[in-house]
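**Q** Next up is a structure, given as structure tokens.
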Amino acid sequence: MLKAVILIGGPQKGTRFRPLSLDIPKPLFPVAGRPIIQFHIEACMQVKNLKEILIIGANPAPQMEAFVKEMQTIYDVSIRYLQEFTTLGTAGGMYHFRDQIRAGNPTAFFVLNGDVCADFPLQQLHDFHMSKNKEAEITMMSTEATKLQSIHYGCLVIDGETGAVNHYVEKPSSYVSTFINCGVYITSIEIFSRMAAVFHSRQQNFNNLNGSRDQGHIQWEREIITPMAGTGKLFALPVTNWWSQIKTAGAAIYANRHYLELYRRTHVERLANTGFKMTENDGTLICNIIQNVYIHPSANVHPTATLGPNVSIGPGVTVGKGVRLRESIVLDNAVIEDHSLILHAIVGRNARIGCWSRVEGTPSDPDPNKPFAKMENLPLFDNNGKLNPSITILGSCVTVPSEKILLNSIVLPHKDLNRSFKNEIIL
Ligand code: GDD
Ligand code: GTP
């Protein structure tokens, strides 16, 4: 039997994702019409004999539990949220809840970072791990990045023949290897004895610690994985599947595009098509669609609007006559009035955009001319305090009046704008 752990961090993390994470925890932010970590759950459902998914983090329980409850109605697997009393680090939470993970004697368990998105090759990772006959304690998914970008990730030197990891450095200061850690692992149960060793050595040094961190804080990458490199117990499976981190709002637009594309293979019924949709009582004409587009069934989109490519429309959204939407995510109950144009933007819950307005951002896609390039997760401001160009984000309940232009701007929730803005954060 197998299990999976999804690590979701805590409320003080994900600052680069604001203001979107102000009213919804980042792991529950919807891309392609589904909360980010629902894709992790769907990937787990494809693995044979996987019986339980444990979501571990320090986010307040009520929102997470509502999500878990909903997931339980969809997927035939046990799903639970285990709340850390404080962020215990990437391994501390797993060690704290070790009895829950070990219950039922799983042969191994997956560990998935909640802030990555991918075409997860979980069964392949499992089969590779098992083919090492007990030799492998941890096998991680790896992909290639450019030389310059690799240092923002865990970097590994892999034995080309066996897949053994001979050297591992977490976010090195200079170039080590273009193979990076994707934050997706399968691990054997023996790993808990390594965590116990770290935990107990920490307790012995109790007096030397200045009490700045919780005693149970353990870093998976630095304290567990790094010392395992070169011991023949740590393996990596390099794959070419699509993979990215979701650290910034721009990354959500990028993830949206890829998950919509993945639907073509896995859930084609989730994609909207131009044409005529039969509802219970009558038929409705659907707007012009440029693939790929997701529209929640409760959204109301005018037949003269044109959507796509890469657009997701949330529940209760209203899209008026002649509206044009492209490379964007529109969240619950937002209203986009007639003839507005939305490009490379995220429109928050209950936001309202007046007629003939233009809301536009700058995409932060990986450089298509560089093989293996990943997204740059730029901070909001550059070294000179200037706002880095980014997608445009409207926080929840923001209103944009008619006939205004909003370019490369971030608007915090509940703002009523009265003019046009360019390259600004509107607080
Ligand atoms: N439960 C829990 N508790 N989860 C945590 C905690 C914690 O205290 N701290 C972080 N996490 C979760 C985050 O939500 C995220 O999903 C994952 O653990 C890793 O987060 P970070 O510590 O922010 O690491 P990172 O994303 O910068 O780097 C890691 O992932 C990269 C791939 O995305 C490293 O593993 C890198 O080596 C790797 O390349
Ligand atoms: P920054 O460097 O500050 O951007 O943080 P980070 O990128 O290291 O954060 P990371 O992406 O690793 O952690 C994000 C995790 O924090 C997510 O998986 C969420 O669990 C959580 N998170 C982010 N924002 C919020 C929020 O506003 N509320 C809550 N409850 N949780 C959040």
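By order in the structure tokens, chains are A, B, ...; within a chain, residues start at 1; ligands start at 1, following the order shown.
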Can you pull out the residues contacting Ser173 (chain A)? Cut-off 12 Å, using only C-alpha atoms, and skip same-chain residues under 6 positions away; I want them as a list of chain:residue names.
**A**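 Close residues of Ser173 (chain A): A:Leu148, A:Gln149, A:Ser150, A:Ile151, A:His152, A:Tyr153, A:Gly154, A:Cys155.
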**Q** List as a Markdown table every residue of chain A that is in contact with ligand 1, defined as an atom at most 7 Å from one of its atoms (using only C-alpha atoms and all ligand atoms), together with the nearest atom pair and the distance in Å rounded to one decimal, sorted by chain and then rising number.
**A**
```
| residue | atom | partner | partner_atom_place_in_ligand_line | distance |
| --- | --- | --- | --- | --- |
| A:Leu7 | CA | ligand 1 | 4 (N) | 4.3 |
| A:Ile8 | CA | ligand 1 | 14 (O) | 3.7 |
| A:Gly9 | CA | ligand 1 | 5 (C) | 3.4 |
| A:Gly10 | CA | ligand 1 | 7 (C) | 6.4 |
| A:Ile56 | CA | ligand 1 | 1 (N) | 4.6 |
| A:Gly57 | CA | ligand 1 | 1 (N) | 3.5 |
| A:Ala58 | CA | ligand 1 | 1 (N) | 6.2 |
| A:Glu84 | CA | ligand 1 | 1 (N) | 6.9 |
| A:Thr87 | CA | ligand 1 | 8 (O) | 3.5 |
| A:Leu88 | CA | ligand 1 | 8 (O) | 4.1 |
| A:Gly89 | CA | ligand 1 | 8 (O) | 3.2 |
| A:Thr90 | CA | ligand 1 | 6 (C) | 4.5 |
| A:Gly92 | CA | ligand 1 | 3 (N) | 7.0 |
| A:Gly93 | CA | ligand 1 | 1 (N) | 5.2 |
| A:Asn113 | CA | ligand 1 | 16 (O) | 3.6 |
| A:Gly114 | CA | ligand 1 | 16 (O) | 3.9 |
| A:Asp115 | CA | ligand 1 | 16 (O) | 4.4 |
| A:Val116 | CA | ligand 1 | 33 (O) | 5.7 |
| A:Tyr153 | CA | ligand 1 | 39 (O) | 3.6 |
| A:Gly154 | CA | ligand 1 | 37 (O) | 3.2 |
| A:Cys155 | CA | ligand 1 | 37 (O) | 6.9 |
| A:Glu170 | CA | ligand 1 | 37 (O) | 5.4 |
| A:Lys171 | CA | ligand 1 | 37 (O) | 6.6 |
| A:Ile180 | CA | ligand 1 | 39 (O) | 5.7 |
| A:Asn181 | CA | ligand 1 | 39 (O) | 4.1 |
| A:Cys182 | CA | ligand 1 | 32 (C) | 4.3 |
| A:Gly183 | CA | ligand 1 | 32 (C) | 4.3 |
| A:Glu221 | CA | ligand 1 | 35 (O) | 5.7 |
| A:Gln245 | CA | ligand 1 | 33 (O) | 5.1 |
```
**Q** Which residues are near ligand 2 - at most 6 Å, using only C-alpha atoms and all ligand atoms? Format: as a PyMOL selection string.
**A** chain A and resi 8-11+13-16+21-22+25-27+59+114-115+247
**Q** Could you write out the selected residues, including C-alpha atoms, as a short mmCIF file (atom, residue, chain, number, x, y, z; two decimals), in the first residue's frame?
**A**
```cif
data_model
loop_
_atom_site.label_atom_id
_atom_site.label_comp_id
_atom_site.auth_asym_id
_atom_site.auth_seq_id
_atom_site.Cartn_x
_atom_site.Cartn_y
_atom_site.Cartn_z
CA ILE A 8 1.66 23.26 1.86
CA GLY A 9 3.62 25.50 4.23
CA GLY A 10 1.86 28.10 6.31
CA PRO A 11 0.18 31.48 6.22
CA LYS A 13 4.78 31.90 3.37
CA GLY A 14 3.94 32.81 -0.20
CA THR A 15 4.46 36.55 0.11
CA ARG A 16 5.26 36.79 -3.58
CA SER A 21 -3.25 34.84 -1.14
CA LEU A 22 -4.80 37.44 1.15
CA PRO A 25 -4.45 30.14 0.96
CA LYS A 26 -2.14 29.74 -2.03
CA PRO A 27 -2.59 25.93 -2.27
CA ASN A 59 -2.62 26.95 7.47
CA GLY A 114 2.28 21.95 -2.77
CA ASP A 115 3.70 24.89 -4.70
CA LYS A 247 5.71 31.19 -6.46
#
```
**Q** Run DSSP on the backbone of this structure and report the residues of region 40-271 of chain A it assigns to helix (DSSP H, G or I), as a ChimeraX atom specification.
**A** /A:40-45,61-74,89-96,98-102,122-131,147-150,191-204,206-208,220-228,249-266,268-270
**Q** Separation of CA of Pro60 (chain A) and CA of Ile391 (chain A), in Å?
**A** 28.6 Å
**Q** Using only C-alpha atoms, find the one residue out of A:His40, A:Val31, A:Ala255, A:His167 that sits nearest to Lys374 (chain A).
**A**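 Ranked by minimum distance to Lys374 (chain A), first place goes to A:Ala255.
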**Q** With only C-alpha atoms counted and 8 Å as the cut-off, give the residues of region 231-316 of chain A in contact with region 333-357 of chain A, each with its shortest interatomic distance in Å and the pair that gives it, as a Markdown table.
**A**
```
| residue | atom | partner | partner_atom | distance |
| --- | --- | --- | --- | --- |
| A:Ile253 | CA | A:His344 | CA | 7.4 |
| A:Gly314 | CA | A:Asn333 | CA | 7.3 |
| A:Pro315 | CA | A:Asn333 | CA | 6.3 |
| A:Gly316 | CA | A:Asn333 | CA | 4.4 |
```
**Q** Could you turn the residues from that selection into a file that holds C-alpha atoms, as an mmCIF file, in the first residue's frame?
**A**
```
data_model
loop_
_atom_site.group_PDB
_atom_site.id
_atom_site.type_symbol
_atom_site.label_atom_id
_atom_site.label_comp_id
_atom_site.auth_asym_id
_atom_site.auth_seq_id
_atom_site.Cartn_x
_atom_site.Cartn_y
_atom_site.Cartn_z
ATOM 1 C CA ILE A 253 -1.143 32.136 -15.441
ATOM 2 C CA GLY A 314 -14.798 30.783 -12.173
ATOM 3 C CA PRO A 315 -18.249 30.166 -10.674
ATOM 4 C CA GLY A 316 -20.874 32.899 -10.913
#
```
**Q** Determine, counting only C-alpha atoms, which protein, DNA and RNA residues have an atom within 10 Å of an atom of Asp76 (chain A); residues of the same chain fewer than 6 positions away are not included. Present the result as an mmCIF file with C-alpha atoms, in the first residue's frame.
**A**
```cif
data_model
loop_
_atom_site.group_PDB
_atom_site.id
_atom_site.type_symbol
_atom_site.label_atom_id
_atom_site.label_comp_id
_atom_site.auth_asym_id
_atom_site.auth_seq_id
_atom_site.Cartn_x
_atom_site.Cartn_y
_atom_site.Cartn_z
ATOM 1 C CA MET A 45 -5.344 8.899 -8.017
ATOM 2 C CA LYS A 51 -4.728 4.567 -0.200
ATOM 3 C CA GLU A 52 -4.256 7.830 1.632
#
```
**Q** Name all residues at most 12 Å from Ile55 (chain A) (count only C-alpha atoms; drop same-chain ones fewer than 5 positions away) and give them as a PyMOL selection string.
**A** chain A and resi 3-10+27-28+37-38+40-41+61+64-65+67-68+71+78-84+93-94+97+100-101+110-114
**Q** Given the choices A:Arg194, A:Lys132, A:Arg358, A:Lys370, which gets closest to Asn408 (chain A) if the distance is worked out from only C-alpha atoms?
**A** A:Arg358
**Q** When you draw a straight line from CA of Tyr254 (chain A) to CA of Gln124 (chain A), how long is it in Å?
**A**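 It comes out at 24.7 Å.
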**Q** Which residue is closest to His296 (chain A)? Choose from A:Ile224, A:Val323, A:Leu331, A:Ala236 and count only C-alpha atoms.
**A**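 Once distances to His296 (chain A) are computed over only C-alpha atoms, the minimum belongs to A:Leu331.
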**Q** Taking only C-alpha atoms into account, which of A:Leu412, A:Leu380, A:Val77, A:Leu307 comes nearest Glu327 (chain A)?
**A**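 Looking only at the distances to Glu327 (chain A), the closest residue turns out to be A:Leu307.
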